[in-house]
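Listing of data_7.txt; format and content: compact mmCIF, C-alpha atoms and all ligand atoms.
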```
# COMPACT_ATOMS: atom_id res chain seq x y z
CA MET A 1 -12.39 24.99 -17.49
CA THR A 2 -13.15 24.51 -13.80
CA THR A 3 -11.71 21.23 -12.56
CA ARG A 4 -13.47 19.29 -9.79
CA ARG A 5 -10.56 19.99 -7.43
CA LYS A 6 -10.51 23.70 -8.30
CA PHE A 7 -14.27 23.77 -7.77
CA ILE A 8 -13.89 22.29 -4.28
CA VAL A 9 -11.11 24.71 -3.37
CA GLU A 10 -13.12 27.68 -4.67
CA THR A 11 -16.20 26.50 -2.83
CA LEU A 12 -14.31 26.06 0.41
CA THR A 13 -12.57 29.40 0.25
CA SER A 14 -15.80 31.24 -0.48
CA VAL A 15 -17.41 30.05 2.74
CA THR A 16 -17.35 32.21 5.86
CA ALA A 17 -18.84 31.87 9.33
CA ALA A 18 -19.86 28.24 9.01
CA ALA A 19 -21.93 26.72 11.81
CA SER A 20 -21.24 23.30 13.33
CA VAL A 21 -23.51 20.28 12.85
CA ILE A 22 -23.04 16.58 13.53
CA HIS A 23 -22.63 14.11 10.66
CA PRO A 24 -24.70 10.88 11.04
CA ALA A 25 -21.39 9.06 11.64
CA GLY A 26 -20.79 11.32 14.63
CA ARG A 27 -18.18 13.61 13.13
CA ARG A 28 -18.49 17.36 13.67
CA ILE A 29 -18.92 19.14 10.35
CA SER A 30 -19.66 22.64 9.17
CA LYS A 31 -22.87 23.95 7.66
CA GLY A 32 -22.56 26.04 4.54
CA LEU A 33 -19.52 24.24 3.13
CA SER A 34 -19.30 22.23 -0.06
CA SER A 35 -21.45 19.15 -0.45
CA PHE A 36 -18.28 17.10 0.01
CA GLU A 37 -17.55 18.70 3.38
CA LYS A 38 -21.18 18.47 4.44
CA THR A 39 -21.00 14.74 3.85
CA PHE A 40 -17.53 13.93 5.13
CA GLY A 41 -16.58 16.68 7.53
CA SER A 42 -13.76 19.18 7.34
CA THR A 43 -11.01 18.42 4.86
CA LYS A 44 -8.59 20.54 6.88
CA SER A 45 -5.66 18.34 7.84
CA THR A 46 -4.40 18.84 11.34
CA ASN A 47 -1.73 16.10 11.37
CA LYS A 48 0.55 16.78 8.46
CA PRO A 49 2.86 15.75 7.10
CA ILE A 50 2.45 12.13 8.07
CA VAL A 51 3.61 8.80 6.69
CA ILE A 52 2.53 5.27 7.59
CA SER A 53 3.86 1.98 6.30
CA THR A 54 3.60 -1.74 6.94
CA TRP A 55 5.83 -3.86 9.18
CA ASP A 56 8.95 -3.02 11.14
CA PHE A 57 10.98 -2.28 8.01
CA GLY A 58 8.52 0.57 7.57
CA ILE A 59 10.56 2.52 10.14
CA ARG A 60 13.49 2.79 7.72
CA ALA A 61 11.21 3.50 4.78
CA ASN A 62 9.44 6.23 6.77
CA GLU A 63 12.81 7.80 7.67
CA GLU A 64 13.55 8.21 3.98
CA ALA A 65 10.05 9.43 3.11
CA TRP A 66 10.19 11.96 5.93
CA LYS A 67 13.17 13.72 4.31
CA THR A 68 10.88 14.68 1.43
CA LEU A 69 7.80 15.38 3.54
CA SER A 70 9.54 17.51 6.18
CA SER A 71 11.04 19.75 3.53
CA GLY A 72 7.61 20.43 2.04
CA GLY A 73 7.90 17.83 -0.73
CA ARG A 74 5.16 15.92 -2.49
CA ALA A 75 3.66 12.78 -0.93
CA LEU A 76 4.16 10.94 -4.23
CA ASP A 77 7.93 11.53 -4.14
CA ALA A 78 8.05 10.60 -0.46
CA VAL A 79 6.37 7.22 -0.86
CA GLU A 80 8.43 6.28 -3.90
CA LYS A 81 11.71 7.17 -2.20
CA GLY A 82 10.63 5.51 1.05
CA VAL A 83 9.87 2.06 -0.34
CA ARG A 84 12.93 2.08 -2.62
CA ILE A 85 15.03 1.65 0.54
CA ILE A 86 13.29 -1.66 1.23
CA GLU A 87 13.28 -2.77 -2.41
CA ALA A 88 17.08 -2.38 -2.48
CA ASP A 89 17.73 -4.30 0.75
CA PRO A 90 18.98 -7.84 -0.02
CA LYS A 91 18.21 -8.97 3.53
CA ILE A 92 14.46 -8.45 3.12
CA ASN A 93 13.28 -11.52 1.23
CA THR A 94 9.69 -10.40 0.59
CA VAL A 95 10.32 -7.21 -1.41
CA GLY A 96 12.55 -6.33 -4.39
CA TYR A 97 16.21 -7.37 -4.54
CA GLY A 98 16.73 -10.52 -2.45
CA GLY A 99 13.05 -11.48 -2.65
CA LEU A 100 12.40 -15.23 -2.58
CA PRO A 101 11.85 -16.61 -6.08
CA ASP A 102 8.90 -18.45 -7.58
CA ARG A 103 8.83 -22.25 -7.83
CA ASP A 104 11.00 -22.12 -10.96
CA GLY A 105 13.66 -19.95 -9.34
CA TYR A 106 12.71 -16.58 -10.86
CA VAL A 107 12.32 -13.44 -8.74
CA THR A 108 9.27 -11.63 -10.11
CA LEU A 109 8.09 -8.34 -8.64
CA ASP A 110 4.76 -6.51 -8.37
CA ALA A 111 4.11 -2.88 -7.44
CA SER A 112 1.60 -0.07 -7.73
CA ILE A 113 1.46 3.65 -7.05
CA MET A 114 -1.27 6.32 -6.96
CA ASP A 115 -1.03 10.09 -6.72
CA GLU A 116 -3.29 12.85 -5.41
CA ASN A 117 -4.96 13.32 -8.78
CA GLY A 118 -6.24 9.76 -8.94
CA ASN A 119 -3.54 8.73 -11.40
CA ALA A 120 -2.44 5.14 -11.06
CA GLY A 121 0.42 2.98 -12.28
CA ALA A 122 1.16 -0.69 -11.76
CA VAL A 123 3.66 -3.28 -12.84
CA ALA A 124 3.43 -7.03 -12.40
CA PHE A 125 5.56 -10.10 -13.12
CA LEU A 126 8.58 -7.84 -13.56
CA GLN A 127 12.03 -9.44 -13.57
CA HIS A 128 15.58 -8.07 -13.31
CA ILE A 129 14.66 -4.57 -12.11
CA MET A 130 15.49 -3.46 -8.57
CA HIS A 131 12.78 -0.80 -8.21
CA PRO A 132 9.34 -1.87 -9.45
CA VAL A 133 7.81 1.13 -7.64
CA SER A 134 9.64 3.44 -10.02
CA VAL A 135 8.56 1.39 -13.03
CA ALA A 136 4.97 1.70 -11.78
CA ARG A 137 5.46 5.45 -11.56
CA LEU A 138 6.95 5.50 -15.07
CA ILE A 139 3.88 3.66 -16.38
CA MET A 140 1.60 6.12 -14.56
CA GLU A 141 3.36 9.23 -15.80
CA LYS A 142 4.79 8.34 -19.21
CA THR A 143 2.32 5.92 -20.78
CA PRO A 144 -1.43 6.05 -21.43
CA HIS A 145 -1.82 2.82 -19.42
CA VAL A 146 -2.31 1.82 -15.80
CA MET A 147 -0.66 -1.61 -15.81
CA ILE A 148 2.10 -3.21 -17.86
CA VAL A 149 3.43 -6.69 -17.05
CA GLY A 150 6.26 -9.08 -17.77
CA ASP A 151 8.60 -8.61 -20.73
CA GLY A 152 6.76 -5.50 -21.88
CA ALA A 153 7.37 -3.84 -18.53
CA LEU A 154 11.02 -4.92 -18.57
CA GLU A 155 11.52 -3.50 -22.08
CA LEU A 156 9.88 -0.24 -21.05
CA ALA A 157 12.08 0.01 -17.96
CA LEU A 158 15.29 -0.70 -19.89
CA ALA A 159 14.34 1.82 -22.58
CA ASN A 160 13.94 4.41 -19.82
CA GLY A 161 17.30 3.98 -18.18
CA PHE A 162 16.62 1.27 -15.60
CA LYS A 163 19.51 -1.18 -15.16
CA LYS A 164 19.15 -4.94 -15.50
CA VAL A 165 20.25 -6.72 -12.31
CA ASN A 166 20.21 -10.23 -10.90
CA LEU A 167 17.61 -10.08 -8.14
CA LEU A 168 18.28 -13.60 -6.85
CA THR A 169 20.77 -13.35 -3.98
CA LYS A 170 22.86 -16.29 -2.76
CA GLU A 171 20.65 -16.57 0.34
CA SER A 172 17.38 -16.59 -1.61
CA LYS A 173 18.75 -19.14 -4.06
CA LYS A 174 19.77 -21.36 -1.14
CA ALA A 175 16.28 -21.09 0.39
CA TRP A 176 14.73 -22.02 -2.96
CA GLN A 177 17.04 -25.03 -3.38
CA GLU A 178 16.09 -26.14 0.11
CA TRP A 179 12.40 -25.75 -0.77
CA LEU A 180 12.91 -27.81 -3.96
CA LYS A 181 13.75 -30.84 -1.83
CA THR A 182 10.05 -31.19 -0.99
CA SER A 183 8.43 -28.62 -3.31
CA HIS A 184 5.71 -28.44 -0.71
CA TYR A 185 3.69 -25.36 -1.57
CA ILE A 186 1.64 -23.77 1.19
CA PRO A 187 0.72 -20.16 0.46
CA VAL A 188 0.04 -19.56 4.14
CA GLY A 189 1.94 -19.79 7.37
CA LYS A 190 5.68 -19.59 7.04
CA TYR A 191 5.68 -18.39 3.42
CA ASN A 192 5.04 -14.85 4.49
CA HIS A 193 3.81 -12.00 2.36
CA ASP A 194 5.41 -9.08 4.15
CA THR A 195 4.72 -6.49 1.52
CA ILE A 196 5.63 -2.89 2.08
CA GLY A 197 2.69 -0.56 1.60
CA MET A 198 3.17 3.13 2.33
CA LEU A 199 0.73 6.06 2.51
CA ALA A 200 1.61 9.71 3.02
CA LEU A 201 -0.14 13.04 3.52
CA ASP A 202 2.05 16.00 2.62
CA ASN A 203 2.13 19.60 3.80
CA SER A 204 -0.19 20.63 0.97
CA GLY A 205 -2.78 18.16 2.25
CA ASN A 206 -2.30 15.74 -0.64
CA ILE A 207 -2.25 11.97 -0.29
CA SER A 208 -0.31 9.38 -2.30
CA GLY A 209 0.48 5.73 -1.77
CA THR A 210 2.42 2.76 -3.02
CA CYS A 211 2.72 -0.97 -2.47
CA THR A 212 5.58 -3.26 -3.59
CA THR A 213 6.40 -6.95 -3.13
CA SER A 214 8.21 -9.99 -4.45
CA GLY A 215 5.05 -11.91 -3.63
CA ILE A 216 4.53 -15.28 -2.07
CA ALA A 217 7.69 -17.36 -1.92
CA PHE A 218 7.74 -20.28 -4.40
CA LYS A 219 4.51 -19.13 -6.04
CA TYR A 220 3.46 -20.36 -9.48
CA HIS A 221 5.44 -18.69 -12.24
CA GLY A 222 3.39 -15.70 -13.37
CA ARG A 223 1.38 -15.31 -10.16
CA VAL A 224 0.54 -11.66 -9.41
CA ALA A 225 0.07 -10.21 -5.92
CA ASP A 226 -2.62 -7.81 -4.71
CA SER A 227 0.20 -5.25 -4.44
CA ALA A 228 0.03 -4.63 -8.19
CA ILE A 229 -3.75 -4.46 -8.38
CA ILE A 230 -5.20 -0.97 -8.00
CA GLY A 231 -8.16 -1.22 -5.62
CA ALA A 232 -6.84 -4.41 -4.01
CA GLY A 233 -3.36 -3.78 -2.60
CA LEU A 234 -3.60 -0.01 -2.90
CA PHE A 235 -6.18 2.71 -3.33
CA VAL A 236 -5.95 6.49 -2.98
CA ASP A 237 -8.78 9.00 -3.20
CA ASN A 238 -7.38 12.39 -2.31
CA GLU A 239 -10.80 13.65 -1.21
CA VAL A 240 -11.17 10.88 1.35
CA GLY A 241 -8.01 8.92 2.16
CA ALA A 242 -5.94 5.92 1.18
CA ALA A 243 -5.37 2.29 2.10
CA THR A 244 -2.89 -0.46 1.41
CA SER A 245 -2.54 -4.09 2.38
CA THR A 246 -0.12 -6.84 3.28
CA GLY A 247 -0.63 -10.55 3.65
CA LEU A 248 -2.21 -13.16 1.42
CA GLY A 249 -2.89 -11.25 -1.80
CA GLU A 250 -5.48 -13.67 -3.16
CA SER A 251 -7.68 -12.92 -0.18
CA VAL A 252 -7.34 -9.14 -0.63
CA ILE A 253 -8.03 -9.26 -4.39
CA LYS A 254 -11.27 -11.20 -3.81
CA ILE A 255 -12.76 -8.33 -1.79
CA ALA A 256 -11.07 -5.40 -3.66
CA GLY A 257 -9.72 -4.67 -0.19
CA SER A 258 -8.06 -1.25 -0.30
CA HIS A 259 -10.89 0.24 -2.33
CA LEU A 260 -13.33 -1.15 0.21
CA VAL A 261 -11.39 0.50 3.05
CA VAL A 262 -11.47 3.88 1.29
CA GLU A 263 -15.19 3.56 0.55
CA GLU A 264 -15.86 2.73 4.20
CA MET A 265 -14.02 5.94 5.16
CA ARG A 266 -16.06 7.82 2.56
CA ASN A 267 -19.16 6.58 4.36
CA GLY A 268 -17.95 8.00 7.66
CA LYS A 269 -15.80 5.33 9.27
CA SER A 270 -12.47 6.17 10.88
CA PRO A 271 -9.38 4.60 9.25
CA LYS A 272 -9.25 1.89 11.92
CA GLU A 273 -12.97 1.13 11.63
CA ALA A 274 -12.67 0.99 7.85
CA CYS A 275 -9.73 -1.47 8.02
CA GLU A 276 -11.69 -3.57 10.52
CA ALA A 277 -14.71 -3.65 8.18
CA ALA A 278 -12.54 -4.97 5.34
CA ILE A 279 -10.98 -7.66 7.55
CA LYS A 280 -14.47 -8.67 8.73
CA ARG A 281 -15.57 -8.89 5.09
CA ILE A 282 -12.77 -11.39 4.49
CA ALA A 283 -13.84 -13.35 7.55
CA GLU A 284 -17.46 -13.40 6.33
CA LYS A 285 -16.65 -14.45 2.77
CA GLN A 286 -13.59 -16.68 3.09
CA LYS A 287 -14.10 -19.75 5.26
CA ASP A 288 -10.38 -20.47 5.67
CA TYR A 289 -9.53 -16.96 6.96
CA LYS A 290 -8.11 -18.32 10.20
CA THR A 291 -5.28 -20.00 8.28
CA PHE A 292 -3.68 -16.85 6.86
CA GLN A 293 -2.80 -13.26 7.61
CA VAL A 294 -4.05 -10.07 5.96
CA ALA A 295 -3.65 -6.55 7.33
CA PHE A 296 -4.71 -3.13 6.09
CA ILE A 297 -3.40 0.30 7.02
CA ALA A 298 -5.27 3.49 6.16
CA ILE A 299 -4.99 7.24 6.38
CA ASN A 300 -7.68 9.85 5.94
CA LYS A 301 -7.66 13.44 4.74
CA GLN A 302 -7.51 14.71 8.32
CA GLY A 303 -4.25 12.80 8.91
CA GLU A 304 -5.86 10.16 11.11
CA VAL A 305 -4.52 6.64 10.65
CA GLY A 306 -5.59 3.13 11.53
CA SER A 307 -4.98 -0.53 10.88
CA TYR A 308 -6.54 -3.93 11.41
CA ALA A 309 -5.32 -7.48 10.81
CA ILE A 310 -6.72 -10.99 10.89
CA GLN A 311 -3.99 -12.36 13.15
CA LYS A 312 -1.94 -11.04 16.01
CA GLY A 313 1.55 -9.84 15.11
CA PHE A 314 1.07 -7.23 12.42
CA GLN A 315 2.89 -3.96 13.08
CA TYR A 316 2.93 -0.66 11.24
CA ALA A 317 5.36 2.24 11.34
CA LEU A 318 3.98 5.73 11.78
CA TYR A 319 5.96 8.95 11.42
CA LYS A 320 4.12 12.03 12.66
CA ASN A 321 4.92 15.13 14.68
CA GLY A 322 8.62 14.39 14.20
CA GLU A 323 8.40 10.91 15.77
CA ASN A 324 8.78 7.61 13.93
CA LYS A 325 7.32 4.70 15.91
CA LEU A 326 6.30 1.10 15.48
CA HIS A 327 2.73 0.22 16.57
CA ASP A 328 0.98 -3.09 17.19
CA SER A 329 -2.13 -3.43 15.09
CA GLU A 330 -5.48 -4.48 16.44
CA TYR A 331 -6.63 -7.85 15.09
CA LEU A 332 -9.63 -10.13 14.71
CA ILE A 333 -8.67 -13.54 16.08
CA LYS A 334 -8.09 -13.14 19.81
N1 LIG B 1 0.53 -9.23 -0.47
C1 LIG B 1 1.61 -9.79 -1.15
C2 LIG B 1 1.33 -11.10 -1.76
O1 LIG B 1 0.25 -11.61 -1.73
O2 LIG B 1 2.21 -11.69 -2.32
```
Can you dump the structure from the file as structure tokens?
Amino acid sequence: MTTRRKFIVETLTSVTAAASVIHPAGRRISKGLSSFEKTFGSTKSTNKPIVISTWDFGIRANEEAWKTLSSGGRALDAVEKGVRIIEADPKINTVGYGGLPDRDGYVTLDASIMDENGNAGAVAFLQHIMHPVSVARLIMEKTPHVMIVGDGALELALANGFKKVNLLTKESKKAWQEWLKTSHYIPVGKYNHDTIGMLALDNSGNISGTCTTSGIAFKYHGRVADSAIIGAGLFVDNEVGAATSTGLGESVIKIAGSHLVVEEMRNGKSPKEACEAAIKRIAEKQKDYKTFQVAFIAINKQGEVGSYAIQKGFQYALYKNGENKLHDSEYLIK
């Protein structure tokens, strides 16, 4: 049977002497190629491998991902290994081990992952496991489901060799006890949502992505972040590109943010323009947008990247051409 991917590859390789035309979005494309290429331009990646991730801790995550990418490995392996570094770091209190707990003192984790074949896995409200990204991958690869939550996810992880650990560090417990003195819950401002989202394009031209978080500090018990919701905190379409988000998850879920970014790229926008369109959608639809932060990063099939945030201050880490650098994102509220 001819798969869609095989069909595209066969179509592309059968084309010779293609002439150049301009796509309505202004991108130079080639006549005589597949209908996909006619619509979206060349799928030939010029900047690969490449990895992009959110915030300054993305530098360390990229370093790890690069080991896989630079040796010709798969983007899926790179993104999983990359974010595991941050999940395991007790000093980062917004992801994995050491994450700030919910209002009842429980650390509950959310994560998602997508590969180049459109497969998806997600885990939410997971306790006692250091690496939710790997549980999300387990769900994607070893079960017929996309998302498993709570005790069911924990049981699945334990049955597959994951170790039960106490995720609440002394420092996070102290911060929670301090918070309990007022129990004043504001899911904006200082209770940050510095999720790590990571997207990679490997040497074979394939894209994968992941997103992992401990969620909003002192959230309601059982609250789930955008990071675990496919289409909100993460979306990958290997024909077009990928996007992931950080910031106030409720806001991202309401606009199916990462899916929106990928669809904007499908319609001809650059990664930066697509991220900007999603942030502007939030601003149009959510009256209180000035009170919180959301940022998207995106990558397309050509290895171009971009980002956009509501507020000043968001940074992303980009590793390409052998250089791993932190960049300031563009933003809406000047
Ligand atoms: N984006 C992470 C969260 O909302 O908790």
Contacts between ligand LIG 1 (chain B) and chain A, please, where a residue of chain A counts if it comes within 10 Å (with only C-alpha atoms and all ligand atoms); show its shortest atom pair and distance in Å to one decimal, rows by chain and ascending number, as a tab-separated table.
```
residue	atom	partner	partner_atom	distance
A:Thr94	CA	B:LIG1	O2	8.1
A:Val95	CA	B:LIG1	C1	9.1
A:Leu109	CA	B:LIG1	O2	9.3
A:Asp110	CA	B:LIG1	O2	8.4
A:Ala111	CA	B:LIG1	C1	9.7
A:Pro187	CA	B:LIG1	O1	8.8
A:Val188	CA	B:LIG1	O1	9.9
A:Tyr191	CA	B:LIG1	O2	9.5
A:Asn192	CA	B:LIG1	O2	8.0
A:His193	CA	B:LIG1	C1	4.7
A:Asp194	CA	B:LIG1	C1	6.6
A:Thr195	CA	B:LIG1	C1	5.3
A:Ile196	CA	B:LIG1	N1	8.5
A:Gly197	CA	B:LIG1	N1	9.2
A:Cys211	CA	B:LIG1	N1	8.8
A:Thr212	CA	B:LIG1	C1	8.0
A:Thr213	CA	B:LIG1	C1	5.9
A:Ser214	CA	B:LIG1	O2	6.6
A:Gly215	CA	B:LIG1	O2	3.1
A:Ile216	CA	B:LIG1	O2	4.3
A:Ala217	CA	B:LIG1	O2	7.9
A:Lys219	CA	B:LIG1	O2	8.6
A:Arg223	CA	B:LIG1	O2	8.7
A:Val224	CA	B:LIG1	O2	7.3
A:Ala225	CA	B:LIG1	O1	4.4
A:Asp226	CA	B:LIG1	N1	5.5
A:Ser227	CA	B:LIG1	N1	5.6
A:Ala228	CA	B:LIG1	C1	8.9
A:Ala232	CA	B:LIG1	N1	9.5
A:Gly233	CA	B:LIG1	N1	7.0
A:Thr244	CA	B:LIG1	N1	9.6
A:Ser245	CA	B:LIG1	N1	6.6
A:Thr246	CA	B:LIG1	N1	4.5
A:Gly247	CA	B:LIG1	N1	4.5
A:Leu248	CA	B:LIG1	O1	4.3
A:Gly249	CA	B:LIG1	O1	3.2
A:Glu250	CA	B:LIG1	O1	6.3
A:Ser251	CA	B:LIG1	O1	8.2
A:Val252	CA	B:LIG1	N1	7.9
A:Ile253	CA	B:LIG1	O1	9.0
A:Gln293	CA	B:LIG1	N1	9.6
A:Val294	CA	B:LIG1	N1	7.9
A:Ala295	CA	B:LIG1	N1	9.2
```
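Among the candidates A:His327, A:Leu138, A:Glu239, A:Ile333, the residue lying nearest to Thr291 of chain A is A:Ile333 (atoms considered: all atoms listed in the file).
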Glu276 of chain A surroundings by all atoms listed in the file, 12 Å radius, close-in-sequence under 5 positions cut, as a list in words: Gly257, Ser258, Leu260, Val261, Val262, Glu264, Met265, Lys269, Ser270, Pro271, Arg281, Ile282, Ala283, Val294, Ala295, Phe296, Ile297, Ala298, Gly306, Ser307, Tyr308, Ala309, Ile310, Gln311, Ser329, Glu330, Tyr331, Leu332 and Ile333 of chain A
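The shortest atom-to-atom distance to Val305 of chain A, with only C-alpha atoms taken into account, belongs to A:Ala200 out of A:Ile86, A:Leu69, A:Ala200, A:Ala153.
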Separation of atom CA of Val240 of chain A from atom CA of Tyr289 of chain A, in Å and rounded to one decimal: 28.4 Å
From the options A:Lys91, A:His221, A:Arg60, A:Lys181, which residue's atoms come nearest to Thr108 of chain A, counting only C-alpha atoms? A:His221
Quick one: of A:Met198, A:Val123, A:Lys163, A:Pro101, who's nearest to Val83 of chain A, counting all atoms listed in the file?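 That would be A:Met198, the residue with the smallest distance to Val83 of chain A.
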What is the atom CA of Glu87 of chain A-atom CA of Ala61 of chain A distance in Å, reported with one decimal?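 So the two atoms, atom CA of Glu87 of chain A and atom CA of Ala61 of chain A, lie 9.8 Å apart.
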For atom CA of Gly96 of chain A and atom CA of His184 of chain A, determine how far apart the two atoms are, in Å to one decimal place.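 Atom-to-atom, atom CA of Gly96 of chain A and atom CA of His184 of chain A are spaced 23.4 Å apart.
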Excluding same-chain residues fewer than 5 positions from segment 127-136 of chain A, what lies within 6 Å of it counting only C-alpha atoms, as a ChimeraX atom specification? /A:96-97,108,111-112,121-122,164-167
The selected residues should be written to file as a tab-separated table (two decimals), keeping the file's coordinate frame (atoms: C-alpha atoms).
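again-v4.tsv, freshly written:
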```
chain	number	residue	atom	x	y	z
A	96	GLY	CA	12.55	-6.33	-4.39
A	97	TYR	CA	16.21	-7.37	-4.54
A	108	THR	CA	9.27	-11.63	-10.11
A	111	ALA	CA	4.11	-2.88	-7.44
A	112	SER	CA	1.60	-0.07	-7.73
A	121	GLY	CA	0.42	2.98	-12.28
A	122	ALA	CA	1.16	-0.69	-11.76
A	164	LYS	CA	19.15	-4.94	-15.50
A	165	VAL	CA	20.25	-6.72	-12.31
A	166	ASN	CA	20.21	-10.23	-10.90
A	167	LEU	CA	17.61	-10.08	-8.14
```
Give me the residues within 8 Å of Gly72 of chain A as a PyMOL selection string, counting only C-alpha atoms and dropping any in the same chain fewer than 6 places off. chain A and resi 202-204
Can you sort out the box for segment 229-244 of chain A, edges along x, y and z, all listed atoms in, 4 Å on every side, with centre and edge lengths in Å to one decimal, as lines of an AutoDock Vina configuration file?
```
center_x = -7.0
center_y = 4.6
center_z = -3.1
size_x = 16.3
size_y = 26.1
size_z = 18.5
```
Determine the nearest neighbour of Ala243 of chain A from the options A:Ile113, A:Ile255, A:Ile299, A:Ala157, counting only C-alpha atoms. A:Ile299
